[in-house]
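First the structure, in the form of structure tokens, and then the observations on it.
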Amino acid sequence: PESVVAVSEHVRDVLAEGGVSPEKIAVIPSGIDLSLFAGEVDRESTRRELGVASGERLVMAVGVLRRAKGHEYLLRAVAHLVAEGFNLKVAIAGDGPHRWAVEEEIDALGLRERVQILGLREDVPRLLPAADVYVVSSLSEGMGQATMEALYAGLPVVATDVGGLPELVRDGETGLLAPPADSGALARAVRRVLQDEALARRIAGAGRELVEREYSVERYLDRVEALYAGLLAGKR
């Protein structure tokens, strides 16, 4: 017996379309180490460190700076909201081959005073609680461990409706979804979170509960163990 592991239902579908026998595919989502979020975090100290003044709202994104992450749509959404009068700062944790294009877009939109690219960071669990909203603007995504971390950190999450993201960010339940490559729709979703505190609290709480229940490292290991046990028993 043999099995192919997919990290999401979306990846399972892609594998099946590519010719892998569906009965051989096991969906085992990756998990995150919840203990990394166990310590006390000084939110206000981190916000000061990131240059966020009183009255400003902080939008955060984490990920490699590559084209598939769609950072330009996040930046354009922020520009929409700034034009409407929202007082925003943006922190993007990550680096990568597309950084030059992200930097150019920041300048083209006149957002240099509002956007920081933080580079590679080892302290993302400390940074996340400083944000008011977490945004995923990806054009494609297998699953999204950084999104799991943002959900578990208790942030309201706005994400694009691509790949495995809707399995984590369930629209109106654990977050809000927007179509990919649509900065206007992304801006509208972020606006909803910033304006509706009850909505933000509700989806953030549900998102954290979902990750705690389904996407811990322990849950991942349980699923892997069950898969191997089944294979050894000749059931797959």
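If you're wondering about the labels, chains in the structure tokens are A, B, ... by order shown, residues count from 1 in each chain, ligands from 1 in order shown.
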
Pick out the residues sitting within 9 Å of Asp42 (chain A), and hand them over as a PDB file with all heavy atoms, in the first residue's frame; count only C-alpha atoms, and ignore anything fewer than 4 positions along from it in its own chain.
```pdb
ATOM      1  N   THR A  46       5.630  46.757  21.022  1.00  0.00           N
ATOM      2  CA  THR A  46       5.914  46.331  19.646  1.00  0.00           C
ATOM      3  C   THR A  46       5.396  47.356  18.646  1.00  0.00           C
ATOM      4  O   THR A  46       6.048  47.648  17.644  1.00  0.00           O
ATOM      5  CB  THR A  46       5.281  44.957  19.369  1.00  0.00           C
ATOM      6  OG1 THR A  46       5.713  44.024  20.362  1.00  0.00           O
ATOM      7  CG2 THR A  46       5.700  44.437  18.005  1.00  0.00           C
ATOM      8  N   ARG A  47       4.236  47.914  18.920  1.00  0.00           N
ATOM      9  CA  ARG A  47       3.694  48.930  18.012  1.00  0.00           C
ATOM     10  C   ARG A  47       4.601  50.163  17.974  1.00  0.00           C
ATOM     11  O   ARG A  47       4.846  50.731  16.900  1.00  0.00           O
ATOM     12  CB  ARG A  47       2.270  49.326  18.447  1.00  0.00           C
ATOM     13  CG  ARG A  47       1.247  48.256  18.100  1.00  0.00           C
ATOM     14  CD  ARG A  47      -0.111  48.531  18.715  1.00  0.00           C
ATOM     15  NE  ARG A  47      -0.809  49.667  18.109  1.00  0.00           N
ATOM     16  CZ  ARG A  47      -1.588  49.594  17.034  1.00  0.00           C
ATOM     17  NH1 ARG A  47      -1.766  48.438  16.415  1.00  0.00           N
ATOM     18  NH2 ARG A  47      -2.213  50.662  16.573  1.00  0.00           N
ATOM     19  N   ARG A 126       5.803  37.317  18.115  1.00  0.00           N
ATOM     20  CA  ARG A 126       5.800  38.539  18.924  1.00  0.00           C
ATOM     21  C   ARG A 126       5.223  39.711  18.142  1.00  0.00           C
ATOM     22  O   ARG A 126       4.552  40.587  18.710  1.00  0.00           O
ATOM     23  CB  ARG A 126       7.234  38.874  19.366  1.00  0.00           C
ATOM     24  CG  ARG A 126       7.338  40.112  20.257  1.00  0.00           C
ATOM     25  CD  ARG A 126       8.779  40.369  20.667  1.00  0.00           C
ATOM     26  NE  ARG A 126       9.586  40.858  19.570  1.00  0.00           N
ATOM     27  CZ  ARG A 126       9.678  42.158  19.221  1.00  0.00           C
ATOM     28  NH1 ARG A 126       9.000  43.075  19.874  1.00  0.00           N
ATOM     29  NH2 ARG A 126      10.453  42.526  18.227  1.00  0.00           N
ATOM     30  N   PRO A 129       0.645  40.070  17.349  1.00  0.00           N
ATOM     31  CA  PRO A 129      -0.363  40.702  18.213  1.00  0.00           C
ATOM     32  C   PRO A 129      -0.382  42.225  18.144  1.00  0.00           C
ATOM     33  O   PRO A 129      -1.333  42.853  18.634  1.00  0.00           O
ATOM     34  CB  PRO A 129       0.026  40.212  19.617  1.00  0.00           C
ATOM     35  CG  PRO A 129       0.773  38.941  19.388  1.00  0.00           C
ATOM     36  CD  PRO A 129       1.541  39.188  18.121  1.00  0.00           C
ATOM     37  N   ALA A 130       0.636  42.819  17.543  1.00  0.00           N
ATOM     38  CA  ALA A 130       0.672  44.278  17.424  1.00  0.00           C
ATOM     39  C   ALA A 130      -0.267  44.787  16.341  1.00  0.00           C
ATOM     40  O   ALA A 130      -0.602  45.974  16.298  1.00  0.00           O
ATOM     41  CB  ALA A 130       2.098  44.749  17.126  1.00  0.00           C
TER      42      ALA A 130
END
```

>> With only C-alpha atoms as the counted atoms, please give the residues lying no more than 9 Å from Phe86 (chain A), apart from itself and same-chain residues fewer than 2 positions off, as a list in words.
In response: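 Contacts, with the query itself left out: Glu56, Arg57, Val78, Leu81, Val82, Ala83, Glu84, Leu88 and Arg191 of chain A.
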
> So which bits of region 34-221 of chain A end up alpha helix (DSSP H) when you DSSP the backbone, as a PyMOL selection string?
Replying inline: chain A and resi 43-49+71-84+99-108+124-127+145-152+165-168+183-195+197-214+217-221

> Running DSSP on the backbone, which parts of region 10-91 of chain A land in strand (DSSP E or B), as a ChimeraX atom specification?
Replying inline: /A:25-27,32,57-62,88-91

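Neighbouring residues of Pro22 (chain A) at 9 Å or closer, counting only C-alpha atoms and skipping chain neighbours under 5 positions away, are Arg12, Asp13, Leu15 and Ala16 of chain A.
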
> Using only C-alpha atoms, which residues sit within 12 Å of Ser54 (chain A) once same-chain residues fewer than 3 positions away are excluded, as a list of chain:residue names?
Replying inline: A:Glu44, A:Ser45, A:Arg47, A:Arg48, A:Gly51, A:Arg57, A:Leu58, A:Asn87, A:Leu88, A:Lys89

> Counting only C-alpha atoms, what is within 12 Å of Met143 (chain A), bar same-chain residues fewer than 3 positions away, as a PyMOL selection string?
Replying inline: chain A and resi 6-12+27-31+136+138+140+146-149+159-169+215

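Every protein or nucleic acid residue with an atom no more than 7 Å from Arg66 (chain A), counting only C-alpha atoms and leaving out same-chain residues fewer than 2 positions away, appears here: Val64, Ala68, Lys69, Gly96, Pro97 and His98 of chain A.
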
>> I'd like the contact shell of Leu231 (chain A) - 12 Å cut-off, only C-alpha atoms, skipping same-chain residues fewer than 6 positions apart - returned as a PyMOL selection string.
In response: chain A and resi 1-4+24+26+224-225

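Interatomic distance, CA of Val211 (chain A) against CA of Asp123 (chain A): 19.4 Å.
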
> Given the choices A:Asp132, A:Glu105, A:Glu212, A:Asp95, which gets closest to Leu120 (chain A) if the distance is worked out from only C-alpha atoms?
Replying inline: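 The shortest atom-to-atom distance to Leu120 (chain A) comes from A:Asp95.
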
Could you produce a table of the residues of region 15-75 of chain A lying within 10 Å of region 110-117 of chain A, with the nearest pair of atoms per residue and their separation in Å rounded to one decimal, using only C-alpha atoms, ordered by chain and increasing residue number, as JSON lines?
```
{"residue": "A:Leu50", "atom": "CA", "partner": "A:Gln116", "partner_atom": "CA", "distance": 8.1}
{"residue": "A:Gly51", "atom": "CA", "partner": "A:Gln116", "partner_atom": "CA", "distance": 9.2}
{"residue": "A:Val52", "atom": "CA", "partner": "A:Arg114", "partner_atom": "CA", "distance": 9.2}
{"residue": "A:Leu58", "atom": "CA", "partner": "A:Arg114", "partner_atom": "CA", "distance": 9.6}
{"residue": "A:Val59", "atom": "CA", "partner": "A:Val115", "partner_atom": "CA", "distance": 9.3}
{"residue": "A:Met60", "atom": "CA", "partner": "A:Gln116", "partner_atom": "CA", "distance": 9.8}
{"residue": "A:Ala61", "atom": "CA", "partner": "A:Ile117", "partner_atom": "CA", "distance": 9.7}
{"residue": "A:Val62", "atom": "CA", "partner": "A:Ile117", "partner_atom": "CA", "distance": 9.9}
{"residue": "A:Leu65", "atom": "CA", "partner": "A:Ile117", "partner_atom": "CA", "distance": 9.7}
{"residue": "A:Leu75", "atom": "CA", "partner": "A:Leu111", "partner_atom": "CA", "distance": 8.2}
```

Could you write out that same residue set with N, CA and C atoms as a PDB file, in the first residue's frame?
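Result written to part-v3.pdb:
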```
ATOM      1  N   LEU A  50       7.533  49.465  15.852  1.00  0.00           N
ATOM      2  CA  LEU A  50       7.199  49.475  14.426  1.00  0.00           C
ATOM      3  C   LEU A  50       6.785  50.867  13.938  1.00  0.00           C
ATOM      4  N   GLY A  51       6.847  51.845  14.817  1.00  0.00           N
ATOM      5  CA  GLY A  51       6.545  53.222  14.420  1.00  0.00           C
ATOM      6  C   GLY A  51       5.069  53.521  14.269  1.00  0.00           C
ATOM      7  N   VAL A  52       4.240  52.748  14.976  1.00  0.00           N
ATOM      8  CA  VAL A  52       2.789  52.956  14.896  1.00  0.00           C
ATOM      9  C   VAL A  52       2.378  53.925  15.993  1.00  0.00           C
ATOM     10  N   LEU A  58      -2.749  49.197  12.312  1.00  0.00           N
ATOM     11  CA  LEU A  58      -1.636  48.462  11.717  1.00  0.00           C
ATOM     12  C   LEU A  58      -2.132  47.249  10.933  1.00  0.00           C
ATOM     13  N   VAL A  59      -1.788  47.233   9.650  1.00  0.00           N
ATOM     14  CA  VAL A  59      -2.051  46.104   8.753  1.00  0.00           C
ATOM     15  C   VAL A  59      -0.759  45.301   8.650  1.00  0.00           C
ATOM     16  N   MET A  60      -0.854  43.981   8.822  1.00  0.00           N
ATOM     17  CA  MET A  60       0.363  43.169   8.756  1.00  0.00           C
ATOM     18  C   MET A  60       0.212  42.047   7.743  1.00  0.00           C
ATOM     19  N   ALA A  61       1.338  41.723   7.102  1.00  0.00           N
ATOM     20  CA  ALA A  61       1.413  40.576   6.195  1.00  0.00           C
ATOM     21  C   ALA A  61       2.752  39.899   6.436  1.00  0.00           C
ATOM     22  N   VAL A  62       2.767  38.577   6.302  1.00  0.00           N
ATOM     23  CA  VAL A  62       3.991  37.803   6.480  1.00  0.00           C
ATOM     24  C   VAL A  62       4.138  36.874   5.291  1.00  0.00           C
ATOM     25  N   LEU A  65       8.668  37.584  -0.389  1.00  0.00           N
ATOM     26  CA  LEU A  65       8.331  38.601  -1.391  1.00  0.00           C
ATOM     27  C   LEU A  65       8.566  38.011  -2.779  1.00  0.00           C
ATOM     28  N   LEU A  75      -0.919  46.572  -1.288  1.00  0.00           N
ATOM     29  CA  LEU A  75      -0.512  47.977  -1.261  1.00  0.00           C
ATOM     30  C   LEU A  75      -1.550  48.878  -1.916  1.00  0.00           C
TER      31      LEU A  75
END
```

>> When you count only C-alpha atoms, which of these residues is closest to Tyr73 (chain A): A:Ser35, A:Ser137, A:Gln195, A:Thr174?
In response: A:Ser137
